[in-house]
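Written out below as structure tokens is the structure these notes cover.
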Amino acid sequence: MPEQQQWILTPIEQPPEWFRQGVKKYVPASSGHYAAQLLWQRGIQELSQLEAFVNTQAYQPASPFEFGEEMRIAVNRLKLSREAGEKIAIWGDFDADGITSTAVLWDGLGQFFNQNTQLIYYIPNRLTESHGLNCQGIDNLVKQGCKLIVTCDTGSTNISEIAYAKQLGVDVIVTDHHTLPPERPPVTAIINPRYLPSTHQLFHLSGVAVAYKLVEALYQTLPNVPQQPLLDLLDLVAVGLIADLVQLNGDCRYLAQLGIQQLQADFKQPPTARRRPGVGRLLELCQKSGDRPTDISFGLGPRINAVSRIQGDAKFCVELLTSREQKRVNQLAEVTELANTRRKSLQKDVAQQVSQKLTQIDLSTTYVIVIADAQWPVGVLGLVAGQVAQQTGRPTILLSTEEVGNGEWGMGNGELRTPYSPLPIPPLARGSARSVNSVDLYQLVQDQAHLLHRFGGHPFAAGLSLPVENIPLFTEAINQQLRQSLGGATLIPKVQADLVVKVADLGKELFLELKLLEPCGMGNPVPKLLIQNCWFENAWHRNQQDWQGKKVQYIKTDFDIRDDSTTNPFPGVWWGHYKDELPPGQCDCIAELDYNTFKGRYEIRLIAVRQCENSALTTQHSPSILDWRNKPLPHASLPHEVTTPDYPHSPLLLEECPNNWDALRAWLKRSLHNQQPLVLAWSKPEHQPPVQIWLTLVGIAKYLSRTNQPVTRLQILNKLGIGDQTLHLGFKALKYLGFTVTRLDRSLVFSQHSTIDSTLAETAIAQFLAALREEQFQQHYFATVPLSTIEAILNQDS
């Protein structure tokens, strides 16, 4: 465990009794107190919201035609293909979201096109190809007579490849959810929720859910054609949704809820009667029953991902998910399980090597961890980077400098080729990056595009390749960038707890109550329980065993946890840790409550632990901050809208856009001291070009010199819309152009003389323009920086 770790307890908000009674209807065997508290804290504060959150029948899903004209064009193009008997290729991706997306289109479009003759699919090789389309694969599909490619979970940024397909007479329909290019790609249609408003209920759909929406639209358009119910696809949708890093709200939550019901119902059937015998066998091998989101996030998802991580080619996983041939899928499930076993061993080996390298890094001065090694297998670097990021509280990038040759390599969906890639390609490092503490890692990496060969990904996960010789410069640049954006604030690993419980509270009743929040994910995390003044007994660790009974080099520790609330111990498990890592004596710990299907018992999954005397606990208590940037400000009603019991006074309005963190910190401290809610009320500045501002300053100086009219410093600042330090540099430049600025009482008086130093003036003007550009950049940053980042900075300083 990290030596310095901040434990944060979510501020406890007791919901009103009427809300608790509303929650209790769904958990009649318990008081509903804990679930009500969590739901209330997470913004579910109306009974209508509660019902739609818990009950799928009360939720109104969005029509697939909410995607507008793009969806209509896509459906019409598919209808044309059907009528013309054209051959169609599904182009998928090799991670769990991409594999399930391909499977959904394979089964869904397979109701309208004959599989293997009219409909085929293509999955790139993780170790030799890139995410997304590539010209060699397109050539392959053209040779097979394909006239239409339908992508899933990929393709939005493959501009040149789409244009290449078009030249060959192949149309492309993109279904994806990743980063959008600046301009619409040259596709027949693109169905991507990123085009929708961020508040839209479809905005957070993952790749598999977007693919499902396309099939749903086709079902609605040609309702008499399909022979299988559309709902039969939802178990695959749930697997992809939960395995991918998307917000599980809106239609995402609704589809995941229905899909888990489908998954569980199918697993309960005898193996010979299952619709998806491959999924059932995979659940058996990982000792899950399919009724929990964690059965996907810890069971199915990692196993599907493991195939491409270890073998590269994951095409057979689509067959595993969709075939009805029991003997064949049993064989494929066992190959998948062995790939996951191999993945665990490799991950543990790399994690140990990374830990050794971390001892050589000064974390007190490091903002982004970048480590490279020639021996590391690329397939597991993202997993280990995620572990390191969580442990250190710092974004982490792990690179393999193993020789790449001329083969391309995929790094992450939403991948962009940088225009700076030299040809021929020099020796490349390739790897994965994972973020933490609300740091937008994709933006960080993108800003260093000039040093990279290729990159792509999400705010929380990215992939990249770069010339080996650029690693030191890249490391220095990305650290400097994050250090500046955080204003020098220290990064500390954090663990957040949601509820305080005792050992006596643990068990079936609390588990069923917290299960009301499932499926959990981003935006609705698994509840973390703080257990104080506890201790551990009967701890023992062992290597895991695979399905054949062979030991796997991956450790877990079993234990019993006790406290003074009961004489009965409660079982628990700590994955990836040895029993000696459990501290002796009384401890505090943070854990998740779980049900072990294989052992038929309730248990806790340990997240963090430390001895009581070191367990300084911070209750997250930031000033109330409202983000009304770039919006009209309702001044009349403002005090009543933002005052709270903790912050009873009228709000503190900050209407001027700051250009540095120190200025913002000063306002934050003032709001804390005065117990005032802080309202961020500035708008994105309308900046003039720096050269134009300089010419305006020169014009002011000439006019005031000619008229001898006094002026205040504030008047000039307001006229130019710049900061005081920048104006000081402007006055310095004016001096070398022959102007003198003198103070008269509280005003300034300008005069002009003939002494001009052109060389010094040129340098001073350049300094003024550079300072002005930096100031404008910082104001643009503070106009758009997420509120979560501002709050994170505040929490680190408080």
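FYI, nothing fancy with the structure tokens labels: chains A, B, ... in order, residues from 1 per chain, ligands from 1 as they appear.
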Sel. of strand (DSSP E or B) residues, range 732-795 of chain A, as number ranges by chain: A: 739-744, 747-752
Within 10 Å of Tyr781 in chain A using only C-alpha atoms, minus same-chain residues under 5 positions, as JSON, numbers by chain: {"A": [485, 657, 658, 659, 660, 684, 775, 776, 786]}
Selection near Arg126 in chain A, 7 Å with only C-alpha atoms, sequence-local residues under 5 positions removed, as a ChimeraX atom specification: /A:94,308-309,312-313,410
Next, dump the selected residues to file, keeping only N, CA and C atoms, as an mmCIF file, in the first residue's frame.
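That gives us selection.cif:
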data_model
loop_
_atom_site.group_PDB
_atom_site.id
_atom_site.type_symbol
_atom_site.label_atom_id
_atom_site.label_comp_id
_atom_site.auth_asym_id
_atom_site.auth_seq_id
_atom_site.Cartn_x
_atom_site.Cartn_y
_atom_site.Cartn_z
ATOM 1 N N PHE A 94 -10.966 -5.598 -30.748
ATOM 2 C CA PHE A 94 -10.531 -6.798 -30.038
ATOM 3 C C PHE A 94 -10.705 -6.743 -28.522
ATOM 4 N N SER A 308 -6.987 -11.334 -26.701
ATOM 5 C CA SER A 308 -6.168 -10.471 -27.567
ATOM 6 C C SER A 308 -4.892 -10.027 -26.864
ATOM 7 N N ARG A 309 -4.934 -9.864 -25.539
ATOM 8 C CA ARG A 309 -3.733 -9.462 -24.814
ATOM 9 C C ARG A 309 -2.635 -10.521 -24.934
ATOM 10 N N GLY A 312 -3.259 -12.051 -29.354
ATOM 11 C CA GLY A 312 -3.377 -11.092 -30.439
ATOM 12 C C GLY A 312 -4.680 -11.252 -31.203
ATOM 13 N N ASP A 313 -4.914 -12.440 -31.760
ATOM 14 C CA ASP A 313 -6.110 -12.703 -32.564
ATOM 15 C C ASP A 313 -7.249 -13.144 -31.645
ATOM 16 N N GLY A 410 -1.938 -1.119 -32.374
ATOM 17 C CA GLY A 410 -3.111 -0.358 -31.942
ATOM 18 C C GLY A 410 -2.998 0.075 -30.498
#
Contact residues around Ala766 in chain A with only C-alpha atoms at 12 Å, ignoring same-chain residues under 4 positions, as a VMD selection string: chain A and resid 690 to 691 694 726 729 to 730 732 to 733 759 to 762 770 to 773
Residue contacts of Val380 in chain A (9 Å, only C-alpha atoms) excluding same-chain residues fewer than 2 positions away, as a compact mmCIF listing (two decimals) with all heavy atoms, in the first residue's frame:
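Contents of part_29.txt, as written:
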# COMPACT_ATOMS: atom_id res chain seq x y z
N ALA A 306 -8.52 -10.92 -22.30
CA ALA A 306 -7.26 -11.64 -22.17
C ALA A 306 -6.83 -12.29 -23.48
O ALA A 306 -5.63 -12.44 -23.75
CB ALA A 306 -7.36 -12.70 -21.07
N ARG A 309 -4.93 -9.86 -25.54
CA ARG A 309 -3.73 -9.46 -24.81
C ARG A 309 -2.63 -10.52 -24.93
O ARG A 309 -1.45 -10.20 -25.02
CB ARG A 309 -4.05 -9.24 -23.34
CG ARG A 309 -4.97 -8.07 -23.05
CD ARG A 309 -5.15 -7.88 -21.55
NE ARG A 309 -6.19 -6.91 -21.22
CZ ARG A 309 -6.03 -5.60 -21.26
NH1 ARG A 309 -4.86 -5.11 -21.62
NH2 ARG A 309 -7.03 -4.79 -20.95
N ILE A 310 -3.03 -11.79 -24.92
CA ILE A 310 -2.05 -12.88 -24.92
C ILE A 310 -1.80 -13.41 -26.33
O ILE A 310 -0.65 -13.64 -26.72
CB ILE A 310 -2.54 -14.03 -24.00
CG1 ILE A 310 -2.71 -13.51 -22.57
CG2 ILE A 310 -1.57 -15.20 -24.04
CD1 ILE A 310 -1.46 -12.90 -21.96
N ARG A 343 -2.52 -14.39 -18.62
CA ARG A 343 -2.56 -12.95 -18.42
C ARG A 343 -2.27 -12.59 -16.97
O ARG A 343 -1.52 -11.65 -16.68
CB ARG A 343 -3.93 -12.41 -18.85
CG ARG A 343 -4.08 -10.90 -18.81
CD ARG A 343 -4.56 -10.36 -17.47
NE ARG A 343 -5.81 -10.92 -17.02
CZ ARG A 343 -6.31 -10.73 -15.81
NH1 ARG A 343 -5.66 -10.01 -14.92
NH2 ARG A 343 -7.45 -11.30 -15.45
N LYS A 344 -2.87 -13.32 -16.03
CA LYS A 344 -2.65 -13.04 -14.61
C LYS A 344 -1.18 -13.19 -14.23
O LYS A 344 -0.63 -12.35 -13.50
CB LYS A 344 -3.50 -13.98 -13.76
CG LYS A 344 -5.00 -13.69 -13.79
CD LYS A 344 -5.75 -14.68 -12.91
CE LYS A 344 -7.23 -14.41 -12.89
NZ LYS A 344 -7.97 -15.38 -12.07
N LEU A 346 1.50 -13.01 -16.23
CA LEU A 346 2.28 -11.94 -16.85
C LEU A 346 2.06 -10.61 -16.13
O LEU A 346 3.00 -9.84 -15.90
CB LEU A 346 1.89 -11.79 -18.33
CG LEU A 346 2.42 -12.85 -19.29
CD1 LEU A 346 1.86 -12.61 -20.69
CD2 LEU A 346 3.94 -12.83 -19.33
N GLN A 347 0.81 -10.35 -15.77
CA GLN A 347 0.50 -9.10 -15.08
C GLN A 347 1.23 -9.02 -13.75
O GLN A 347 1.77 -7.96 -13.39
CB GLN A 347 -1.01 -8.99 -14.86
CG GLN A 347 -1.46 -7.69 -14.22
CD GLN A 347 -2.99 -7.62 -14.07
OE1 GLN A 347 -3.72 -8.36 -14.72
NE2 GLN A 347 -3.45 -6.74 -13.21
N VAL A 350 5.03 -8.32 -14.42
CA VAL A 350 5.29 -6.94 -14.82
C VAL A 350 5.07 -6.00 -13.64
O VAL A 350 5.84 -5.05 -13.42
CB VAL A 350 4.41 -6.54 -16.01
CG1 VAL A 350 4.54 -5.05 -16.31
CG2 VAL A 350 4.77 -7.36 -17.24
N TRP A 376 8.86 -6.03 -21.51
CA TRP A 376 7.46 -6.11 -21.08
C TRP A 376 6.52 -6.46 -22.23
O TRP A 376 6.60 -5.86 -23.31
CB TRP A 376 7.01 -4.78 -20.48
CG TRP A 376 7.60 -4.50 -19.12
CD1 TRP A 376 8.16 -5.41 -18.28
CD2 TRP A 376 7.70 -3.23 -18.47
NE1 TRP A 376 8.59 -4.78 -17.12
CE2 TRP A 376 8.32 -3.45 -17.22
CE3 TRP A 376 7.31 -1.95 -18.82
CZ2 TRP A 376 8.57 -2.43 -16.33
CZ3 TRP A 376 7.55 -0.91 -17.93
CH2 TRP A 376 8.18 -1.15 -16.69
N PRO A 377 5.61 -7.42 -22.03
CA PRO A 377 4.58 -7.71 -23.04
C PRO A 377 3.55 -6.60 -23.06
O PRO A 377 2.98 -6.22 -22.04
CB PRO A 377 3.97 -9.04 -22.55
CG PRO A 377 4.24 -9.08 -21.09
CD PRO A 377 5.52 -8.32 -20.86
N VAL A 378 3.30 -6.07 -24.24
CA VAL A 378 2.43 -4.90 -24.37
C VAL A 378 1.01 -5.17 -23.89
O VAL A 378 0.35 -4.30 -23.34
CB VAL A 378 2.41 -4.44 -25.85
CG1 VAL A 378 1.40 -3.32 -26.06
CG2 VAL A 378 3.79 -3.96 -26.27
N GLY A 382 -1.56 -1.96 -19.84
CA GLY A 382 -2.68 -1.12 -19.39
C GLY A 382 -3.19 -1.54 -18.03
O GLY A 382 -3.53 -0.69 -17.19
N LEU A 383 -3.26 -2.84 -17.79
CA LEU A 383 -3.75 -3.34 -16.51
C LEU A 383 -2.81 -2.94 -15.37
O LEU A 383 -3.24 -2.49 -14.30
CB LEU A 383 -3.88 -4.86 -16.56
CG LEU A 383 -4.87 -5.41 -17.60
CD1 LEU A 383 -4.75 -6.92 -17.71
CD2 LEU A 383 -6.29 -5.02 -17.23
N VAL A 384 -1.50 -3.10 -15.60
CA VAL A 384 -0.53 -2.75 -14.56
C VAL A 384 -0.50 -1.24 -14.36
O VAL A 384 -0.41 -0.75 -13.23
CB VAL A 384 0.87 -3.28 -14.92
CG1 VAL A 384 1.87 -2.90 -13.85
CG2 VAL A 384 0.84 -4.80 -15.09
N ALA A 385 -0.60 -0.48 -15.46
CA ALA A 385 -0.63 0.98 -15.33
C ALA A 385 -1.81 1.44 -14.48
O ALA A 385 -1.69 2.37 -13.68
CB ALA A 385 -0.70 1.62 -16.72
N SER A 432 0.66 1.67 -22.79
CA SER A 432 -0.67 2.08 -22.35
C SER A 432 -0.55 3.05 -21.19
O SER A 432 0.42 3.03 -20.43
CB SER A 432 -1.49 0.86 -21.91
OG SER A 432 -1.76 0.01 -23.01
Long-range neighbours of range 511-525 of chain A as an NGL selection string, 6 Å cut-off, only C-alpha atoms, 5 positions minimum in chain: :A and (27 or 35 or 247-248 or 293)
Secondary structure check, alpha helix (DSSP H) residues of range 79-166 of chain A, as a ChimeraX atom specification: /A:79-84,96-109,135-143,159-166
Residue with smallest distance to Leu180 in chain A - pool A:Gly457, A:Gly393, A:Gly488, A:Gly92, counting only C-alpha atoms: A:Gly457
Using only C-alpha atoms: which of A:Ser48, A:Thr365, A:Leu148, A:Ile73 has the shortest distance to Ile90 in chain A: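 That would be A:Leu148, the residue with the smallest distance to Ile90 in chain A.
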Best match for closeness to Pro193 in chain A among A:Gly68, A:Gly98, A:Gly169, A:Gly290, counting only C-alpha atoms: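 Using only C-alpha atoms, Pro193 in chain A sits closest to A:Gly68.
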One-decimal distance in Å that lies between CA of Leu231 in chain A and CA of His131 in chain A: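 Value for the CA of His131 in chain A-CA of Leu231 in chain A distance: 28.8 Å.
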Separation of CA of Leu214 in chain A from CA of Leu321 in chain A in Å: 19.4 Å
Atomic separation - CA of Asn596 in chain A relative to CA of Arg562 in chain A, Å: 19.2 Å
Residue nearest Leu109 in chain A - candidates A:Thr188, A:Thr784, A:Asn437, A:Gln227, atoms counted: only C-alpha atoms: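 So, comparing all the options, the nearest one is A:Gln227.
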